[in-house]
$ cat coords-v5.txt   # compact mmCIF, C-alpha atoms
# COMPACT_ATOMS: atom_id res chain seq x y z
CA MET A 732 132.93 83.67 77.98
CA SER A 733 129.50 85.07 78.87
CA ILE A 734 126.90 83.46 81.11
CA LYS A 735 124.34 81.30 79.29
CA PRO A 736 120.74 80.57 80.44
CA ILE A 737 120.53 77.00 81.80
CA LEU A 738 118.30 77.29 84.92
CA ASN A 739 114.58 76.55 84.62
CA ARG A 740 111.59 78.04 86.44
CA PHE A 741 111.61 75.41 89.22
CA ASP A 742 115.30 76.11 89.92
CA LEU A 743 114.58 79.83 90.23
CA THR A 744 111.53 79.25 92.44
CA MET A 745 113.72 77.25 94.84
CA ILE A 746 116.30 80.04 94.75
CA VAL A 747 113.58 82.60 95.63
CA ILE A 748 112.49 80.52 98.62
CA SER A 749 116.12 80.00 99.70
CA LEU A 750 116.94 83.70 99.46
CA VAL A 751 113.97 84.64 101.65
CA ILE A 752 113.76 81.86 104.24
CA GLY A 753 116.96 82.16 106.24
CA MET A 754 117.40 81.85 110.00
CA GLY A 755 115.12 84.79 110.73
CA ILE A 756 111.85 82.88 110.92
CA PHE A 757 113.30 80.65 113.67
CA ALA A 758 114.14 83.63 115.90
CA ALA A 759 112.62 86.93 114.67
CA PRO A 760 108.99 86.18 115.74
CA GLY A 761 110.12 86.65 119.35
CA GLU A 762 111.40 90.13 118.49
CA VAL A 763 108.14 90.92 116.68
CA ALA A 764 106.17 89.81 119.75
CA ILE A 765 108.23 92.12 121.98
CA LYS A 766 107.60 95.13 119.73
CA ALA A 767 103.94 94.20 119.08
CA GLY A 768 102.91 93.56 122.69
CA ASN A 769 99.66 91.81 121.73
CA ALA A 770 98.33 89.22 119.28
CA TRP A 771 96.48 91.71 117.06
CA VAL A 772 99.57 93.76 116.25
CA PHE A 773 101.70 90.59 116.03
CA PHE A 774 99.58 88.87 113.37
CA GLY A 775 98.70 92.19 111.73
CA ALA A 776 102.41 92.89 111.21
CA TRP A 777 103.02 89.46 109.64
CA ILE A 778 99.99 89.69 107.34
CA PHE A 779 100.64 93.32 106.37
CA GLY A 780 104.36 92.61 105.93
CA GLY A 781 103.56 89.61 103.74
CA LEU A 782 101.20 91.61 101.52
CA ILE A 783 103.69 94.47 101.19
CA SER A 784 106.49 92.02 100.40
CA PHE A 785 104.25 90.44 97.76
CA CYS A 786 103.80 93.92 96.26
CA GLY A 787 107.58 94.23 96.26
CA ALA A 788 107.95 90.82 94.66
CA LEU A 789 105.52 91.78 91.87
CA THR A 790 107.46 95.01 91.34
CA PHE A 791 110.77 93.16 91.06
CA ALA A 792 109.10 90.57 88.83
CA GLU A 793 108.35 93.29 86.26
CA ILE A 794 111.84 94.77 86.71
CA GLY A 795 113.33 91.34 86.04
CA ALA A 796 111.08 90.82 83.02
CA ARG A 797 111.86 94.22 81.49
CA TYR A 798 115.59 94.10 82.19
CA PRO A 799 116.84 90.50 82.54
CA ALA A 800 120.58 90.68 83.14
CA THR A 801 123.28 88.97 85.15
CA GLY A 802 123.76 91.04 88.31
CA GLY A 803 120.37 92.61 87.62
CA PHE A 804 120.08 94.38 90.98
CA TYR A 805 123.20 96.40 90.14
CA LYS A 806 122.38 96.73 86.44
CA VAL A 807 118.94 98.24 87.08
CA PHE A 808 120.43 100.97 89.30
CA SER A 809 123.11 101.66 86.70
CA TYR A 810 120.61 101.79 83.81
CA CYS A 811 117.93 103.85 85.57
CA TYR A 812 120.07 106.14 87.74
CA HIS A 813 123.86 106.30 87.38
CA PRO A 814 126.73 103.77 87.66
CA ALA A 815 128.13 105.67 90.67
CA PHE A 816 124.81 105.41 92.50
CA ALA A 817 124.52 101.74 91.53
CA PHE A 818 127.96 100.95 92.93
CA MET A 819 127.30 102.93 96.13
CA ILE A 820 124.14 100.95 96.91
CA ASN A 821 125.42 97.53 95.88
CA TRP A 822 128.85 97.59 97.45
CA VAL A 823 127.23 98.07 100.88
CA LEU A 824 124.82 95.18 100.23
CA VAL A 825 127.59 92.83 99.09
CA ILE A 826 129.67 93.55 102.21
CA SER A 827 126.70 93.13 104.53
CA ASN A 828 125.76 89.90 102.72
CA ALA A 829 129.22 88.42 103.38
CA ALA A 830 128.96 89.41 107.04
CA SER A 831 125.44 87.99 107.29
CA VAL A 832 126.52 84.70 105.73
CA GLY A 833 129.41 84.40 108.19
CA ALA A 834 127.27 85.19 111.22
CA VAL A 835 124.45 82.84 110.21
CA ALA A 836 126.93 80.04 109.46
CA LEU A 837 128.32 80.37 113.00
CA ILE A 838 124.81 80.00 114.45
CA GLY A 839 124.30 76.76 112.52
CA ALA A 840 127.69 75.42 113.64
CA ASP A 841 126.82 76.10 117.28
CA TYR A 842 123.77 73.84 116.94
CA ILE A 843 125.61 70.91 115.34
CA ARG A 844 128.93 71.17 117.23
CA PRO A 845 127.94 68.97 120.23
CA PHE A 846 127.28 66.02 117.90
CA LEU A 847 130.34 66.32 115.64
CA LEU A 848 133.32 67.31 117.78
CA PRO A 849 135.03 65.93 120.92
CA GLU A 850 134.80 67.67 124.30
CA SER A 851 138.12 69.44 123.74
CA LEU A 852 136.65 71.33 120.76
CA GLN A 853 133.36 72.36 122.37
CA ASN A 854 134.40 75.99 122.13
CA ASP A 855 134.71 78.90 119.68
CA LEU A 856 137.54 77.15 117.83
CA GLY A 857 135.34 74.10 117.22
CA THR A 858 132.52 76.32 115.96
CA LYS A 859 134.82 78.04 113.49
CA ILE A 860 136.25 74.73 112.28
CA ILE A 861 132.75 73.45 111.44
CA THR A 862 131.72 76.76 109.90
CA ILE A 863 134.75 77.21 107.67
CA GLY A 864 134.65 73.52 106.71
CA SER A 865 130.98 73.82 105.71
CA VAL A 866 131.59 76.95 103.65
CA LEU A 867 134.53 75.31 101.85
CA ILE A 868 132.49 72.18 101.07
CA LEU A 869 129.76 74.34 99.52
CA TYR A 870 132.48 76.26 97.67
CA VAL A 871 133.71 73.01 96.08
CA ILE A 872 130.13 72.00 95.17
CA ASN A 873 129.52 75.37 93.52
CA PHE A 874 132.82 75.03 91.67
CA LEU A 875 131.45 71.92 89.94
CA GLY A 876 128.90 73.99 88.04
CA ILE A 877 125.78 76.10 88.40
CA LYS A 878 123.48 73.11 87.73
CA MET A 879 125.14 71.21 90.58
CA SER A 880 124.70 74.32 92.78
CA ALA A 881 121.02 74.51 91.87
CA ARG A 882 120.44 70.79 92.59
CA THR A 883 122.18 71.12 95.96
CA GLN A 884 120.04 74.16 96.70
CA ASN A 885 116.84 72.31 95.79
CA LEU A 886 117.75 69.50 98.20
CA LEU A 887 118.68 71.83 101.06
CA ILE A 888 115.53 73.93 100.70
CA ILE A 889 113.42 70.76 100.92
CA PHE A 890 114.99 70.11 104.34
CA LYS A 891 114.25 73.70 105.38
CA LEU A 892 110.61 73.56 104.27
CA SER A 893 110.26 70.19 106.03
CA MET A 894 111.38 71.79 109.27
CA ILE A 895 108.81 74.57 108.95
CA LEU A 896 106.06 72.04 108.23
CA LEU A 897 107.23 70.00 111.23
CA ILE A 898 106.92 73.04 113.50
CA CYS A 899 103.51 73.86 112.02
CA SER A 900 102.33 70.33 112.85
CA THR A 901 102.44 71.16 116.57
CA VAL A 902 98.99 72.75 116.23
CA PHE A 903 97.58 69.25 115.72
CA LYS A 904 99.00 67.89 118.97
CA SER A 905 95.96 67.43 121.18
CA ASN A 906 97.99 67.32 124.41
CA VAL A 907 99.70 70.70 123.86
CA ASN A 908 98.82 73.23 126.54
CA PRO A 909 99.66 76.83 125.58
CA VAL A 910 102.32 78.38 127.80
CA SER A 911 100.65 80.69 130.30
CA ILE A 912 102.99 83.68 130.39
CA GLN A 913 101.61 87.18 130.65
CA ALA A 914 102.46 89.28 127.59
CA VAL A 915 104.35 92.52 128.19
CA PRO A 916 102.59 95.38 126.34
CA TYR A 917 104.73 97.67 124.21
CA SER A 918 105.42 100.91 126.05
CA GLY A 919 105.28 103.22 123.01
CA ASN A 920 102.40 104.26 120.75
CA ILE A 921 100.68 101.97 118.26
CA ILE A 922 102.36 103.54 115.20
CA THR A 923 105.85 102.98 116.60
CA SER A 924 104.84 99.49 117.71
CA VAL A 925 103.75 98.56 114.18
CA GLY A 926 106.77 100.25 112.58
CA LEU A 927 109.31 98.45 114.76
CA SER A 928 107.46 95.14 114.41
CA LEU A 929 107.77 95.46 110.64
CA VAL A 930 111.57 95.81 110.89
CA ALA A 931 111.93 92.16 111.96
CA VAL A 932 109.05 91.08 109.69
CA PHE A 933 110.61 92.64 106.58
CA PHE A 934 113.96 91.11 107.57
CA CYS A 935 112.31 87.67 107.36
CA TYR A 936 110.54 88.43 104.07
CA GLY A 937 113.53 90.06 102.35
CA GLY A 938 115.85 88.46 99.82
CA TYR A 939 113.61 87.96 96.77
CA GLN A 940 115.15 91.04 95.12
CA GLN A 941 118.38 89.11 94.53
CA THR A 942 116.49 86.86 92.12
CA ILE A 943 116.95 89.40 89.34
CA ASN A 944 120.72 88.84 89.61
CA PHE A 945 120.11 85.56 87.74
CA GLY A 946 118.60 87.23 84.67
CA GLY A 947 121.38 85.83 82.47
CA ASP A 948 121.11 82.31 83.91
CA ILE A 949 117.37 81.73 83.39
CA ILE A 950 115.82 80.07 80.36
CA ASN A 951 113.17 82.41 78.89
CA ALA A 952 113.90 84.95 81.65
CA LYS A 953 111.21 87.48 80.70
CA ARG A 954 108.49 84.93 81.45
CA ASN A 955 110.10 82.68 84.05
CA ILE A 956 111.46 85.36 86.42
CA PRO A 957 108.04 86.86 87.32
CA LYS A 958 106.36 83.43 87.57
CA ALA A 959 109.13 82.05 89.79
CA ILE A 960 109.07 85.10 92.08
CA ALA A 961 105.26 84.94 92.43
CA ALA A 962 105.24 81.19 93.11
CA GLY A 963 108.09 81.41 95.59
CA MET A 964 106.56 84.31 97.54
CA PHE A 965 103.17 82.55 97.70
CA VAL A 966 104.83 79.49 99.30
CA ILE A 967 106.76 81.72 101.71
CA LEU A 968 103.69 83.69 102.78
CA ALA A 969 101.76 80.48 103.51
CA MET A 970 104.70 78.99 105.42
CA TYR A 971 105.28 82.11 107.53
CA LEU A 972 101.64 82.50 108.53
CA GLY A 973 101.48 78.79 109.40
CA ILE A 974 104.62 78.76 111.54
CA ASN A 975 103.66 81.95 113.38
CA TYR A 976 100.25 80.54 114.21
CA ALA A 977 102.01 77.42 115.54
CA TYR A 978 104.31 79.58 117.70
CA TYR A 979 101.31 81.45 119.08
CA HIS A 980 99.28 78.27 119.59
CA VAL A 981 101.97 76.67 121.75
CA LEU A 982 103.68 79.65 123.42
CA GLY A 983 101.27 82.58 123.31
CA ILE A 984 102.55 86.16 122.92
CA GLY A 985 104.11 86.13 126.39
CA GLY A 986 105.93 82.87 125.66
CA LEU A 987 107.15 84.22 122.32
CA GLN A 988 108.57 87.26 124.08
CA GLN A 989 110.59 85.12 126.49
CA THR A 990 111.66 82.10 124.39
CA PRO A 991 114.94 82.70 122.49
CA SER A 992 115.25 79.19 120.95
CA LEU A 993 111.85 79.01 119.28
CA ALA A 994 112.59 76.15 116.88
CA ALA A 995 114.11 73.91 119.57
CA LYS A 996 111.17 74.58 121.89
CA MET A 997 108.59 73.79 119.23
CA VAL A 998 110.17 70.56 117.95
CA GLY A 999 110.64 69.50 121.56
CA VAL A 1000 106.85 69.55 121.90
CA ILE A 1001 106.68 66.69 119.36
CA PHE A 1002 109.83 64.68 120.03
CA GLY A 1003 110.58 65.46 123.66
CA ASP A 1004 114.28 65.18 124.56
CA THR A 1005 115.24 64.10 121.05
CA GLY A 1006 113.68 67.30 119.70
CA TYR A 1007 116.89 69.25 120.27
CA LYS A 1008 118.93 66.86 118.11
CA VAL A 1009 116.34 66.89 115.32
CA THR A 1010 116.18 70.69 115.47
CA SER A 1011 119.96 71.03 115.49
CA LEU A 1012 120.37 68.99 112.33
CA MET A 1013 117.58 70.76 110.48
CA ILE A 1014 118.76 74.23 111.48
CA PHE A 1015 122.28 73.34 110.32
CA LEU A 1016 120.90 72.23 106.94
CA SER A 1017 118.83 75.42 106.79
CA VAL A 1018 121.99 77.43 107.35
CA LEU A 1019 123.76 75.54 104.56
CA ALA A 1020 120.90 76.45 102.19
CA PHE A 1021 121.29 80.15 103.09
CA VAL A 1022 125.08 80.03 102.66
CA ASN A 1023 124.86 78.14 99.37
CA VAL A 1024 122.37 80.49 97.72
CA ASN A 1025 124.50 83.51 98.67
CA VAL A 1026 127.64 81.87 97.26
CA LEU A 1027 125.57 81.37 94.11
CA ALA A 1028 124.02 84.87 93.92
CA ASN A 1029 126.55 87.45 95.08
CA PRO A 1030 129.28 86.83 92.46
CA ARG A 1031 126.68 87.78 89.80
CA VAL A 1032 126.81 91.34 91.17
CA TYR A 1033 130.59 91.36 90.71
CA TYR A 1034 130.03 90.20 87.12
CA ALA A 1035 127.75 93.17 86.44
CA MET A 1036 130.21 95.64 87.99
CA ALA A 1037 133.05 94.18 85.91
CA GLU A 1038 130.93 94.51 82.76
CA ASP A 1039 130.66 98.24 83.50
CA GLY A 1040 134.42 98.44 83.95
CA ILE A 1041 134.30 99.28 87.67
CA LEU A 1042 135.84 96.01 88.82
CA PRO A 1043 138.72 94.28 86.98
CA PRO A 1044 137.74 92.03 84.02
CA ILE A 1045 138.70 88.89 85.97
CA PHE A 1046 135.47 89.26 87.99
CA LYS A 1047 133.39 88.50 84.89
CA LYS A 1048 135.48 85.56 83.76
CA VAL A 1049 133.22 82.48 83.45
CA ASN A 1050 134.25 78.86 83.01
CA PRO A 1051 132.64 77.86 79.66
CA LYS A 1052 131.87 74.31 80.82
CA THR A 1053 130.55 74.90 84.34
CA GLN A 1054 129.15 78.47 84.00
CA VAL A 1055 131.01 79.32 87.23
CA GLN A 1056 132.65 82.67 87.96
CA GLU A 1057 135.66 80.99 89.51
CA PHE A 1058 137.44 84.17 90.64
CA GLY A 1059 134.31 86.07 91.64
CA MET A 1060 133.00 83.16 93.70
CA SER A 1061 136.43 82.61 95.29
CA PHE A 1062 136.55 86.29 96.23
CA PHE A 1063 133.15 86.15 97.94
CA VAL A 1064 133.96 82.93 99.81
CA ALA A 1065 137.28 84.44 100.91
CA ALA A 1066 135.37 87.46 102.25
CA VAL A 1067 133.06 85.13 104.21
CA VAL A 1068 136.04 83.24 105.66
CA VAL A 1069 137.66 86.53 106.72
CA VAL A 1070 134.39 87.46 108.46
CA LEU A 1071 134.48 84.12 110.27
CA PHE A 1072 137.91 84.92 111.70
CA PHE A 1073 136.84 88.39 112.87
CA VAL A 1074 133.08 87.91 113.17
CA SER A 1075 132.78 89.69 116.54
CA LYS A 1076 133.81 92.92 114.84
CA PHE A 1077 130.90 92.58 112.43
CA SER A 1078 128.22 92.05 115.06
CA GLU A 1079 127.38 95.75 115.29
CA MET A 1080 127.39 96.16 111.52
CA LEU A 1081 124.78 93.44 111.14
CA LYS A 1082 122.35 95.60 113.12
CA TYR A 1083 122.41 98.06 110.24
CA VAL A 1084 121.66 95.50 107.53
CA MET A 1085 117.94 96.23 107.55
CA PHE A 1086 118.56 99.98 107.34
CA PHE A 1087 120.63 99.44 104.20
CA ASP A 1088 118.12 96.92 102.81
CA THR A 1089 115.06 99.15 103.22
CA ILE A 1090 116.83 102.02 101.46
CA GLY A 1091 118.19 99.80 98.69
CA LEU A 1092 114.91 97.98 98.02
CA SER A 1093 112.73 101.10 98.03
CA LEU A 1094 115.06 102.92 95.62
CA ALA A 1095 115.22 99.84 93.39
CA ALA A 1096 111.41 99.77 93.34
CA VAL A 1097 111.32 103.45 92.32
CA ALA A 1098 113.34 102.39 89.27
CA ILE A 1099 110.25 100.67 87.80
CA PHE A 1100 108.81 104.09 86.89
CA ILE A 1101 112.00 105.01 85.03
CA LEU A 1102 112.32 101.54 83.51
CA ARG A 1103 108.80 101.65 82.07
CA LYS A 1104 109.63 104.85 80.19
CA LYS A 1105 112.95 103.50 78.91
CA THR A 1106 111.49 100.17 77.74
CA LYS A 1107 108.21 101.29 76.16
CA GLU A 1108 108.93 99.10 73.15
CA LEU A 1109 108.32 96.02 75.35
CA ASP A 1110 104.72 97.01 76.13
CA GLY A 1111 102.26 94.63 74.55
CA THR A 1112 104.90 91.98 73.77
CA GLY A 1113 103.60 89.53 76.35
CA ILE A 1114 106.06 90.28 79.18
CA TYR A 1115 104.79 90.45 82.75
CA THR A 1116 103.41 93.83 83.86
CA ILE A 1117 101.96 94.82 87.24
CA LYS A 1118 98.15 94.88 86.98
CA TRP A 1119 97.49 97.58 89.59
CA PHE A 1120 100.21 99.98 88.56
CA PRO A 1121 101.26 102.37 90.12
CA PHE A 1122 99.37 101.37 93.29
CA VAL A 1123 101.43 98.21 93.95
CA PRO A 1124 104.94 99.76 93.81
CA VAL A 1125 103.82 102.95 95.55
CA VAL A 1126 102.41 101.01 98.54
CA PHE A 1127 105.63 99.01 98.73
CA ILE A 1128 107.86 102.10 98.58
CA ILE A 1129 105.88 104.08 101.18
CA SER A 1130 105.80 101.10 103.56
CA TYR A 1131 109.57 100.62 103.34
CA TRP A 1132 110.21 104.33 103.89
CA PHE A 1133 107.96 104.12 106.96
CA VAL A 1134 110.13 101.31 108.34
CA THR A 1135 113.35 103.17 107.43
CA ILE A 1136 112.17 106.20 109.42
CA ASN A 1137 111.36 103.99 112.42
CA ILE A 1138 114.84 102.42 112.27
CA PHE A 1139 116.41 105.87 112.00
CA ILE A 1140 114.48 107.01 115.07
CA THR A 1141 115.92 104.12 117.10
CA PHE A 1142 119.41 105.31 116.18
CA LYS A 1143 119.03 108.07 118.76
CA GLU A 1144 120.23 105.50 121.30
CA ASN A 1145 123.55 105.55 119.43
CA PRO A 1146 124.30 109.05 118.06
CA TYR A 1147 127.03 107.73 115.77
CA ALA A 1148 124.87 105.07 114.06
CA ALA A 1149 123.32 107.38 111.45
CA LEU A 1150 126.75 108.88 110.73
CA ILE A 1151 128.24 105.40 110.23
CA CYS A 1152 125.47 104.50 107.75
CA LEU A 1153 125.92 107.68 105.73
CA ALA A 1154 129.71 107.33 105.84
CA THR A 1155 129.45 103.78 104.48
CA TYR A 1156 127.60 105.03 101.42
CA ALA A 1157 130.10 107.88 101.01
CA VAL A 1158 133.02 105.44 101.03
CA GLY A 1159 131.31 103.55 98.20
CA LEU A 1160 131.24 106.73 96.09
CA ILE A 1161 134.91 107.40 96.83
CA ILE A 1162 135.85 103.86 95.75
CA TYR A 1163 133.82 104.19 92.54
CA TYR A 1164 135.38 107.48 91.47
CA ALA A 1165 138.85 106.28 92.45
CA CYS A 1166 138.44 103.17 90.26
CA THR A 1167 136.98 105.06 87.29
CA TYR A 1168 139.68 107.76 87.56
CA LYS A 1169 142.42 105.11 87.37
CA LYS A 1170 140.67 103.57 84.38
CA LYS A 1171 140.54 106.92 82.56
CA GLN A 1172 144.18 107.60 83.39
CA GLY A 1173 145.13 104.17 82.00
CA THR A 1174 143.17 104.87 78.82
CA ILE A 1175 144.85 108.24 78.33
CA THR A 1176 148.29 106.73 78.93
$ encode --input "coords-v5.txt" --output "structure tokens"
Amino acid sequence: MSIKPILNRFDLTMIVISLVIGMGIFAAPGEVAIKAGNAWVFFGAWIFGGLISFCGALTFAEIGARYPATGGFYKVFSYCYHPAFAFMINWVLVISNAASVGAVALIGADYIRPFLLPESLQNDLGTKIITIGSVLILYVINFLGIKMSARTQNLLIIFKLSMILLICSTVFKSNVNPVSIQAVPYSGNIITSVGLSLVAVFFCYGGYQQTINFGGDIINAKRNIPKAIAAGMFVILAMYLGINYAYYHVLGIGGLQQTPSLAAKMVGVIFGDTGYKVTSLMIFLSVLAFVNVNVLANPRVYYAMAEDGILPPIFKKVNPKTQVQEFGMSFFVAAVVVVLFFVSKFSEMLKYVMFFDTIGLSLAAVAIFILRKKTKELDGTGIYTIKWFPFVPVVFIISYWFVTINIFITFKENPYAALICLATYAVGLIIYYACTYKKKQGTIT
């Protein structure tokens, strides 16, 4: 049973927003402030990063319009490059996504634990109980059908956007006195300062590329994918600029550099002592939105790999009534649960997520040049095309390579980091050729 298109443009727009707005915006601005060292670089990084991400979103909008397919992020690599290269890139992203989901879910559980569990469970065990319980509840909801998943996602993202608007409202508090803490200037040069600031900025803006994984789920995908991506990114850009101005208005650059719990601090400005409880609930709901959208999106990549014969056929099995990949989704949730049992071992790996993302996204964007040549017959048929081509994708690609180089430079602090990253890709190639070799041997036999 193949996947049928049943999601509309609004559903996909909410998915775009959910994929991008994770926990990063409630913590990463502090890291940006540390690397920026002053307000000009801080806001410049957020504005520049937003514009570059919008260029990336427009690029992926045309990719999604020209090649709408379930598991589109994998399919585009396979179609434009080679299945081996596609598997190598995507297997790393799927693993890091499972680890990210597990780590973020633990953060949300830490916030809500004091209000849900007795004193005896105010520990790591209590955190894991809440986390695993939350993941399993979302697993059951997703099992009920993709429309139920989308409705749940729409509700959760409304809570998340409400929290951002609530934080933004602090700029209207007349009795707020900005925190007077001297900012610590960045010790390096301005180019490195901007480059490292963009690492955290792009981390917050990333995620929209997974939208093309829903190419088979969207009604009139060639028109609705680009419109949903554009609408979602416009909302995100406005929200991010608003919340960062609120952070700066209340804390200043120095305060941003020295305040780890930004969301709790900001909501506390409005609600006082009850601000922590309000923040805790909203952050927990924000985490659930992030977990839910990943449970929804990642199995689509398995589907695409199974269609190419790399993964077993069971990964593309779809329930005809609910449109759910029951095995694929169960596999991903199981991977997340495993991460939750051994999450401390994944903490170092999560530091490399942005390195993998910048490489994956820039190479995916390069595919637009190949895709345009392979799908010339679609020109003039009314599908979305980038107006300022090739300027838009080229700016996006160069900017991401700039950030990748800056991340690679920081690896000098750990001489094995670059080797680990390259080895991870190499393992993906080994797995691919091992699987395809077994398949060929089975065919011959």
$ atom_distance --input "coords-v5.txt" --atom1 "atom CA of Val772 of chain A" --atom2 "atom CA of Tyr971 of chain A"
15.6 Å
$ closest_residue --input "coords-v5.txt" --among "A:Ile746, A:Ala767, A:Leu1012, A:Leu875" --to "Val930 of chain A" --atoms "all atoms listed in the file"
A:Ala767
$ atom_distance --input "coords-v5.txt" --atom1 "atom CA of Ile1161 of chain A" --atom2 "atom CA of Leu824 of chain A"
16.2 Å
$ atom_distance --input "coords-v5.txt" --atom1 "atom CA of Ser749 of chain A" --atom2 "atom CA of Tyr842 of chain A"
19.8 Å
$ closest_residue --input "coords-v5.txt" --among "A:Ile1129, A:Ala1065, A:Leu1150, A:Ala1165" --to "Ile826 of chain A" --atoms "all atoms listed in the file"
A:Ala1065
$ residues_around --input "coords-v5.txt" --residues "Gln1056 of chain A" --least-positions-apart "5" --cutoff "12 Å" --atoms "all atoms listed in the file" --output "short mmCIF file (atom, residue, chain, number, x, y, z; two decimals) with C-alpha atoms, in the coordinates of the input"
data_model
loop_
_atom_site.label_atom_id
_atom_site.label_comp_id
_atom_site.auth_asym_id
_atom_site.auth_seq_id
_atom_site.Cartn_x
_atom_site.Cartn_y
_atom_site.Cartn_z
CA MET A 732 132.93 83.67 77.98
CA SER A 733 129.50 85.07 78.87
CA ILE A 734 126.90 83.46 81.11
CA THR A 801 123.28 88.97 85.15
CA TYR A 870 132.48 76.26 97.67
CA ASN A 873 129.52 75.37 93.52
CA PHE A 874 132.82 75.03 91.67
CA LEU A 875 131.45 71.92 89.94
CA GLY A 876 128.90 73.99 88.04
CA ILE A 877 125.78 76.10 88.40
CA VAL A 1026 127.64 81.87 97.26
CA LEU A 1027 125.57 81.37 94.11
CA ALA A 1028 124.02 84.87 93.92
CA ASN A 1029 126.55 87.45 95.08
CA PRO A 1030 129.28 86.83 92.46
CA ARG A 1031 126.68 87.78 89.80
CA VAL A 1032 126.81 91.34 91.17
CA TYR A 1033 130.59 91.36 90.71
CA TYR A 1034 130.03 90.20 87.12
CA ALA A 1035 127.75 93.17 86.44
CA ALA A 1037 133.05 94.18 85.91
CA PRO A 1044 137.74 92.03 84.02
CA ILE A 1045 138.70 88.89 85.97
CA PHE A 1046 135.47 89.26 87.99
CA LYS A 1047 133.39 88.50 84.89
CA LYS A 1048 135.48 85.56 83.76
CA VAL A 1049 133.22 82.48 83.45
CA ASN A 1050 134.25 78.86 83.01
CA PRO A 1051 132.64 77.86 79.66
CA SER A 1061 136.43 82.61 95.29
CA PHE A 1062 136.55 86.29 96.23
CA PHE A 1063 133.15 86.15 97.94
CA VAL A 1064 133.96 82.93 99.81
#
$ closest_residue --input "coords-v5.txt" --among "A:Leu738, A:Ala776, A:Ala792, A:Met1013" --to "Ile922 of chain A" --atoms "all atoms listed in the file"
A:Ala776
